[in-house]
Amino acid sequence: MDDRRPALDVQTPPDGARLTPLIDALLDDYDPFAIEELAARQRRVHFFSAASRDAAARALGRRFRTQGVAVRAVDVPHGDWAARSQARLRAVRVGDIVVAPPWDIPADATAATLVVIRPSMGFGTGHHASTRLCLRALQALALGNRNVLDLGTGSGVLAIASALRGARRVLAVDVDADAVETARANVGLNDVEHVVEVRRADVRRAVLEPAAVVFANIHAALACGAAGVLAGLVSAGGTLVVGGVTGDEENGVRRALARYGALCARYAEAEWVALAIRT
């Protein structure tokens, strides 16, 4: 059986470094599951379906063609890209949290909260700025003996980190079946099954119990469209952390959430932003 996966090769011009976060923000609306660095200005973006890949290609063309961004659709053998991308992944440290693949656990990781993530078909290895920003926000919150919701869990990294830092119960939710499978495997890898439950659900329609801390590392369009739903999942006096937002999208997300609570913290890295809202 030919197990080939749809992907896009995206090349930016020599002076196009500023375009990368804008491209990432647009791609996020089309459900990619991995981004592979091929060369200094060329990346391969992997998608769950050819339909999503083709829609992303059209959107990139409309937005960036006049700025010198070239896009080419490819079909990649699944094992080929996975082996290459995983071999290059290394541990990432964010404050007191280390996110590491099983083959690159730092010798001094015992001094930190160690989250072991086996890269697969879900985002969340700590290599994307939106994940790092949510990990920064997580460390500023008191999680001890509190319930946590992780919406759009991907690899499960935020849910696992919450459990390791004292959360009483964590519910990790994702709409994608592959992400749910990956998150469950990583929960087991970190021995936190007694704290973390992983469930497949669409946050816009699922019935979920509110929690004191809610992470929504999703994308700006969903955060705006489902602002009331997200806020309703936060217990009174709790905190909602929204990631996956670019600087250009920040004001829109702030306006959508303003009626539900007050901004208590803002985290930024390059063009990415995470917002903590106290309800």
# chains A, B, ... in the order shown; residues from 1 in each chain; ligands from 1
call {"tool": "select_by_dssp", "arguments": {"residues": "region 155-274 of chain A", "states": "strand (DSSP E or B)", "output": "NGL selection string"}}
result
:A and (169-174 or 196-200 or 211-217 or 234-246 or 262-269 or 272-274)
call {"tool": "write_last_selection", "arguments": {"atoms": "C-alpha atoms", "output": "compact mmCIF listing (two decimals), in the first residue's frame"}}
result
# COMPACT_ATOMS: atom_id res chain seq x y z
CA ARG A 169 -7.25 16.67 36.87
CA VAL A 170 -6.55 17.56 33.24
CA LEU A 171 -8.86 17.04 30.28
CA ALA A 172 -7.05 17.28 26.93
CA VAL A 173 -9.31 17.75 23.91
CA ASP A 174 -8.66 17.68 20.18
CA VAL A 196 -4.81 13.34 32.25
CA GLU A 197 -7.78 12.20 30.18
CA VAL A 198 -7.58 12.68 26.40
CA ARG A 199 -10.84 13.02 24.53
CA ARG A 200 -11.78 13.59 20.89
CA ALA A 211 -11.95 24.28 34.79
CA ALA A 212 -9.91 26.79 36.76
CA VAL A 213 -7.31 27.01 33.98
CA VAL A 214 -8.11 26.64 30.29
CA PHE A 215 -5.46 26.55 27.55
CA ALA A 216 -6.66 27.23 24.00
CA ASN A 217 -3.60 27.06 21.76
CA VAL A 234 -13.43 28.83 32.71
CA SER A 235 -14.55 28.62 36.33
CA ALA A 236 -15.30 31.90 38.11
CA GLY A 237 -12.03 33.62 38.93
CA GLY A 238 -10.11 31.28 36.64
CA THR A 239 -7.75 31.96 33.74
CA LEU A 240 -8.06 31.44 29.99
CA VAL A 241 -4.79 31.30 28.03
CA VAL A 242 -5.22 31.81 24.29
CA GLY A 243 -2.27 31.01 22.01
CA GLY A 244 -1.78 30.67 18.26
CA VAL A 245 -2.32 34.41 17.72
CA THR A 246 -0.13 36.68 15.60
CA ALA A 262 -9.66 41.23 31.87
CA LEU A 263 -6.24 40.75 30.31
CA CYS A 264 -3.85 39.79 33.10
CA ALA A 265 -0.74 38.80 31.12
CA ARG A 266 0.64 38.99 27.60
CA TYR A 267 3.47 36.86 26.21
CA ALA A 268 5.19 37.54 22.89
CA GLU A 269 7.86 35.93 20.74
CA TRP A 272 3.37 35.36 17.97
CA VAL A 273 1.34 36.29 21.04
CA ALA A 274 -0.39 34.46 23.89
call {"tool": "closest_atom_pairs", "arguments": {"of": "region 84-191 of chain A", "to": "region 218-228 of chain A", "cutoff": "12 Å", "atoms": "only C-alpha atoms", "output": "CSV"}}
result
residue,atom,partner,partner_atom,distance
A:Phe123,CA,A:Ile218,CA,10.7
A:Gly124,CA,A:Ile218,CA,11.4
A:Ser130,CA,A:Ile218,CA,9.1
A:Thr131,CA,A:Ile218,CA,10.1
A:Cys134,CA,A:Ile218,CA,10.9
A:Asp150,CA,A:Ile218,CA,10.2
A:Leu151,CA,A:Ile218,CA,7.5
A:Gly152,CA,A:Ile218,CA,5.9
A:Thr153,CA,A:Ile218,CA,8.8
A:Gly154,CA,A:Ile218,CA,9.7
A:Val173,CA,A:Ile218,CA,11.4
A:Asp174,CA,A:Ile218,CA,10.0
A:Val175,CA,A:Ile218,CA,11.2
call {"tool": "atom_distance", "arguments": {"atom1": "CA of Ala50 (chain A)", "atom2": "CA of Pro6 (chain A)"}}
result
5.3 Å
call {"tool": "atom_distance", "arguments": {"atom1": "CA of Arg255 (chain A)", "atom2": "CA of Leu158 (chain A)"}}
result
25.4 Å
call {"tool": "select_by_dssp", "arguments": {"residues": "region 63-176 of chain A", "states": "alpha helix (DSSP H)", "output": "ChimeraX atom specification"}}
result
/A:63-64,78-88,129-139,157-164
call {"tool": "write_last_selection", "arguments": {"atoms": "N, CA and C atoms", "output": "mmCIF file, in the first residue's frame"}}
result
data_model
loop_
_atom_site.group_PDB
_atom_site.id
_atom_site.type_symbol
_atom_site.label_atom_id
_atom_site.label_comp_id
_atom_site.auth_asym_id
_atom_site.auth_seq_id
_atom_site.Cartn_x
_atom_site.Cartn_y
_atom_site.Cartn_z
ATOM 1 N N ARG A 63 -2.307 35.453 -1.228
ATOM 2 C CA ARG A 63 -1.771 36.407 -0.247
ATOM 3 C C ARG A 63 -0.321 36.798 -0.529
ATOM 4 N N PHE A 64 0.503 35.854 -0.989
ATOM 5 C CA PHE A 64 1.945 36.098 -0.985
ATOM 6 C C PHE A 64 2.636 35.987 -2.346
ATOM 7 N N HIS A 78 5.062 8.595 3.820
ATOM 8 C CA HIS A 78 4.884 8.924 5.233
ATOM 9 C C HIS A 78 6.141 8.626 6.059
ATOM 10 N N GLY A 79 6.684 7.447 5.940
ATOM 11 C CA GLY A 79 7.846 7.070 6.740
ATOM 12 C C GLY A 79 9.063 7.914 6.442
ATOM 13 N N ASP A 80 9.182 8.377 5.191
ATOM 14 C CA ASP A 80 10.334 9.164 4.778
ATOM 15 C C ASP A 80 10.401 10.481 5.528
ATOM 16 N N TRP A 81 9.302 11.263 5.510
ATOM 17 C CA TRP A 81 9.352 12.557 6.182
ATOM 18 C C TRP A 81 9.447 12.388 7.685
ATOM 19 N N ALA A 82 8.752 11.395 8.224
ATOM 20 C CA ALA A 82 8.761 11.208 9.678
ATOM 21 C C ALA A 82 10.165 10.902 10.183
ATOM 22 N N ALA A 83 10.868 10.018 9.489
ATOM 23 C CA ALA A 83 12.218 9.644 9.916
ATOM 24 C C ALA A 83 13.162 10.839 9.874
ATOM 25 N N ARG A 84 13.062 11.634 8.799
ATOM 26 C CA ARG A 84 13.957 12.788 8.673
ATOM 27 C C ARG A 84 13.660 13.844 9.721
ATOM 28 N N SER A 85 12.382 14.182 9.881
ATOM 29 C CA SER A 85 12.035 15.262 10.797
ATOM 30 C C SER A 85 12.302 14.882 12.245
ATOM 31 N N GLN A 86 11.995 13.647 12.620
ATOM 32 C CA GLN A 86 12.217 13.227 13.993
ATOM 33 C C GLN A 86 13.700 13.185 14.334
ATOM 34 N N ALA A 87 14.523 12.766 13.389
ATOM 35 C CA ALA A 87 15.952 12.649 13.665
ATOM 36 C C ALA A 87 16.573 13.996 14.015
ATOM 37 N N ARG A 88 15.992 15.093 13.515
ATOM 38 C CA ARG A 88 16.579 16.410 13.741
ATOM 39 C C ARG A 88 16.053 17.097 14.997
ATOM 40 N N ALA A 129 6.717 28.704 18.333
ATOM 41 C CA ALA A 129 6.619 29.798 19.301
ATOM 42 C C ALA A 129 5.309 29.774 20.068
ATOM 43 N N SER A 130 4.201 29.392 19.416
ATOM 44 C CA SER A 130 2.914 29.410 20.117
ATOM 45 C C SER A 130 2.908 28.425 21.283
ATOM 46 N N THR A 131 3.553 27.264 21.122
ATOM 47 C CA THR A 131 3.661 26.302 22.217
ATOM 48 C C THR A 131 4.541 26.849 23.330
ATOM 49 N N ARG A 132 5.656 27.455 22.959
ATOM 50 C CA ARG A 132 6.567 28.006 23.974
ATOM 51 C C ARG A 132 5.885 29.113 24.779
ATOM 52 N N LEU A 133 5.103 29.948 24.123
ATOM 53 C CA LEU A 133 4.414 31.021 24.833
ATOM 54 C C LEU A 133 3.404 30.461 25.827
ATOM 55 N N CYS A 134 2.677 29.425 25.433
ATOM 56 C CA CYS A 134 1.725 28.805 26.364
ATOM 57 C C CYS A 134 2.453 28.143 27.530
ATOM 58 N N LEU A 135 3.627 27.587 27.280
ATOM 59 C CA LEU A 135 4.415 27.004 28.369
ATOM 60 C C LEU A 135 4.904 28.084 29.330
ATOM 61 N N ARG A 136 5.204 29.261 28.812
ATOM 62 C CA ARG A 136 5.572 30.377 29.688
ATOM 63 C C ARG A 136 4.382 30.795 30.548
ATOM 64 N N ALA A 137 3.219 30.890 29.911
ATOM 65 C CA ALA A 137 2.016 31.266 30.657
ATOM 66 C C ALA A 137 1.685 30.227 31.716
ATOM 67 N N LEU A 138 1.868 28.964 31.373
ATOM 68 C CA LEU A 138 1.571 27.865 32.300
ATOM 69 C C LEU A 138 2.394 27.998 33.579
ATOM 70 N N GLN A 139 3.654 28.383 33.438
ATOM 71 C CA GLN A 139 4.531 28.470 34.600
ATOM 72 C C GLN A 139 4.201 29.646 35.513
ATOM 73 N N VAL A 157 1.351 18.232 25.084
ATOM 74 C CA VAL A 157 2.451 18.801 25.874
ATOM 75 C C VAL A 157 1.947 19.696 27.004
ATOM 76 N N LEU A 158 0.953 20.539 26.771
ATOM 77 C CA LEU A 158 0.474 21.432 27.826
ATOM 78 C C LEU A 158 -0.275 20.655 28.902
ATOM 79 N N ALA A 159 -1.029 19.653 28.482
ATOM 80 C CA ALA A 159 -1.745 18.822 29.456
ATOM 81 C C ALA A 159 -0.770 18.069 30.349
ATOM 82 N N ILE A 160 0.260 17.501 29.746
ATOM 83 C CA ILE A 160 1.252 16.732 30.510
ATOM 84 C C ILE A 160 2.019 17.649 31.458
ATOM 85 N N ALA A 161 2.439 18.813 30.950
ATOM 86 C CA ALA A 161 3.163 19.759 31.807
ATOM 87 C C ALA A 161 2.292 20.193 32.978
ATOM 88 N N SER A 162 1.005 20.397 32.745
ATOM 89 C CA SER A 162 0.097 20.786 33.830
ATOM 90 C C SER A 162 0.025 19.695 34.887
ATOM 91 N N ALA A 163 -0.075 18.450 34.449
ATOM 92 C CA ALA A 163 -0.137 17.332 35.397
ATOM 93 C C ALA A 163 1.141 17.229 36.208
ATOM 94 N N LEU A 164 2.272 17.377 35.538
ATOM 95 C CA LEU A 164 3.555 17.265 36.231
ATOM 96 C C LEU A 164 3.777 18.412 37.211
#
call {"tool": "closest_residue", "arguments": {"among": "A:Ala112, A:Ala201, A:Val253, A:Ala231", "to": "Thr279 (chain A)", "atoms": "only C-alpha atoms"}}
result
A:Ala231
call {"tool": "residues_around", "arguments": {"residues": "Val74 (chain A)", "least_positions_apart": "5", "cutoff": "9 Å", "atoms": "only C-alpha atoms", "output": "PyMOL selection string"}}
result
chain A and resi 5-9+44
call {"tool": "write_last_selection", "arguments": {"atoms": "N, CA and C atoms", "output": "PDB file, in the first residue's frame"}}
result
ATOM      1  N   ARG A   5       1.579  11.111   1.872  1.00  0.00           N
ATOM      2  CA  ARG A   5       0.885  12.188   2.554  1.00  0.00           C
ATOM      3  C   ARG A   5       1.041  13.499   1.779  1.00  0.00           C
ATOM      4  N   PRO A   6      -0.023  14.323   1.738  1.00  0.00           N
ATOM      5  CA  PRO A   6       0.044  15.593   1.007  1.00  0.00           C
ATOM      6  C   PRO A   6       0.879  16.628   1.746  1.00  0.00           C
ATOM      7  N   ALA A   7       1.625  17.399   0.981  1.00  0.00           N
ATOM      8  CA  ALA A   7       2.483  18.431   1.576  1.00  0.00           C
ATOM      9  C   ALA A   7       2.649  19.582   0.602  1.00  0.00           C
ATOM     10  N   LEU A   8       3.133  20.699   1.115  1.00  0.00           N
ATOM     11  CA  LEU A   8       3.477  21.865   0.305  1.00  0.00           C
ATOM     12  C   LEU A   8       4.925  22.235   0.558  1.00  0.00           C
ATOM     13  N   ASP A   9       5.676  22.461  -0.502  1.00  0.00           N
ATOM     14  CA  ASP A   9       6.998  23.048  -0.373  1.00  0.00           C
ATOM     15  C   ASP A   9       6.841  24.559  -0.517  1.00  0.00           C
ATOM     16  N   ARG A  44       8.839  22.362   4.191  1.00  0.00           N
ATOM     17  CA  ARG A  44       7.802  21.451   3.707  1.00  0.00           C
ATOM     18  C   ARG A  44       6.727  21.355   4.783  1.00  0.00           C
TER      19      ARG A  44
END
call {"tool": "residues_around", "arguments": {"residues": "Ala70 (chain A)", "least_positions_apart": "5", "cutoff": "10 Å", "atoms": "only C-alpha atoms", "output": "list in words"}}
result
Leu8, Asp9, Val10, Gln11, Thr12, Pro13, Gln42, Ala57, Leu60, Gly61, Phe64 and Arg65 of chain A
call {"tool": "write_last_selection", "arguments": {"atoms": "C-alpha atoms", "output": "mmCIF file, in the first residue's frame"}}
result
data_model
loop_
_atom_site.group_PDB
_atom_site.id
_atom_site.type_symbol
_atom_site.label_atom_id
_atom_site.label_comp_id
_atom_site.auth_asym_id
_atom_site.auth_seq_id
_atom_site.Cartn_x
_atom_site.Cartn_y
_atom_site.Cartn_z
ATOM 1 C CA LEU A 8 3.477 21.865 0.305
ATOM 2 C CA ASP A 9 6.998 23.048 -0.373
ATOM 3 C CA VAL A 10 7.065 26.742 0.532
ATOM 4 C CA GLN A 11 10.022 28.924 -0.454
ATOM 5 C CA THR A 12 10.472 32.520 0.660
ATOM 6 C CA PRO A 13 12.635 35.167 -1.066
ATOM 7 C CA GLN A 42 12.480 26.382 2.108
ATOM 8 C CA ALA A 57 -1.818 26.496 -1.580
ATOM 9 C CA LEU A 60 -0.838 31.323 0.014
ATOM 10 C CA GLY A 61 -0.894 32.156 -3.684
ATOM 11 C CA PHE A 64 1.945 36.098 -0.985
ATOM 12 C CA ARG A 65 2.609 35.457 -4.683
#
call {"tool": "closest_residue", "arguments": {"among": "A:Ala91, A:Leu38, A:Val115, A:Ala276", "to": "Asn186 (chain A)", "atoms": "only C-alpha atoms"}}
result
A:Val115
call {"tool": "closest_residue", "arguments": {"among": "A:Ile23, A:Phe33, A:Ile105, A:Ile277", "to": "Leu141 (chain A)", "atoms": "only C-alpha atoms"}}
result
A:Ile277
call {"tool": "atom_distance", "arguments": {"atom1": "CA of Glu36 (chain A)", "atom2": "CA of Gly95 (chain A)"}}
result
25.1 Å
call {"tool": "closest_residue", "arguments": {"among": "A:Arg18, A:Thr113, A:Gly247, A:Arg53", "to": "Pro32 (chain A)", "atoms": "only C-alpha atoms"}}
result
A:Arg53
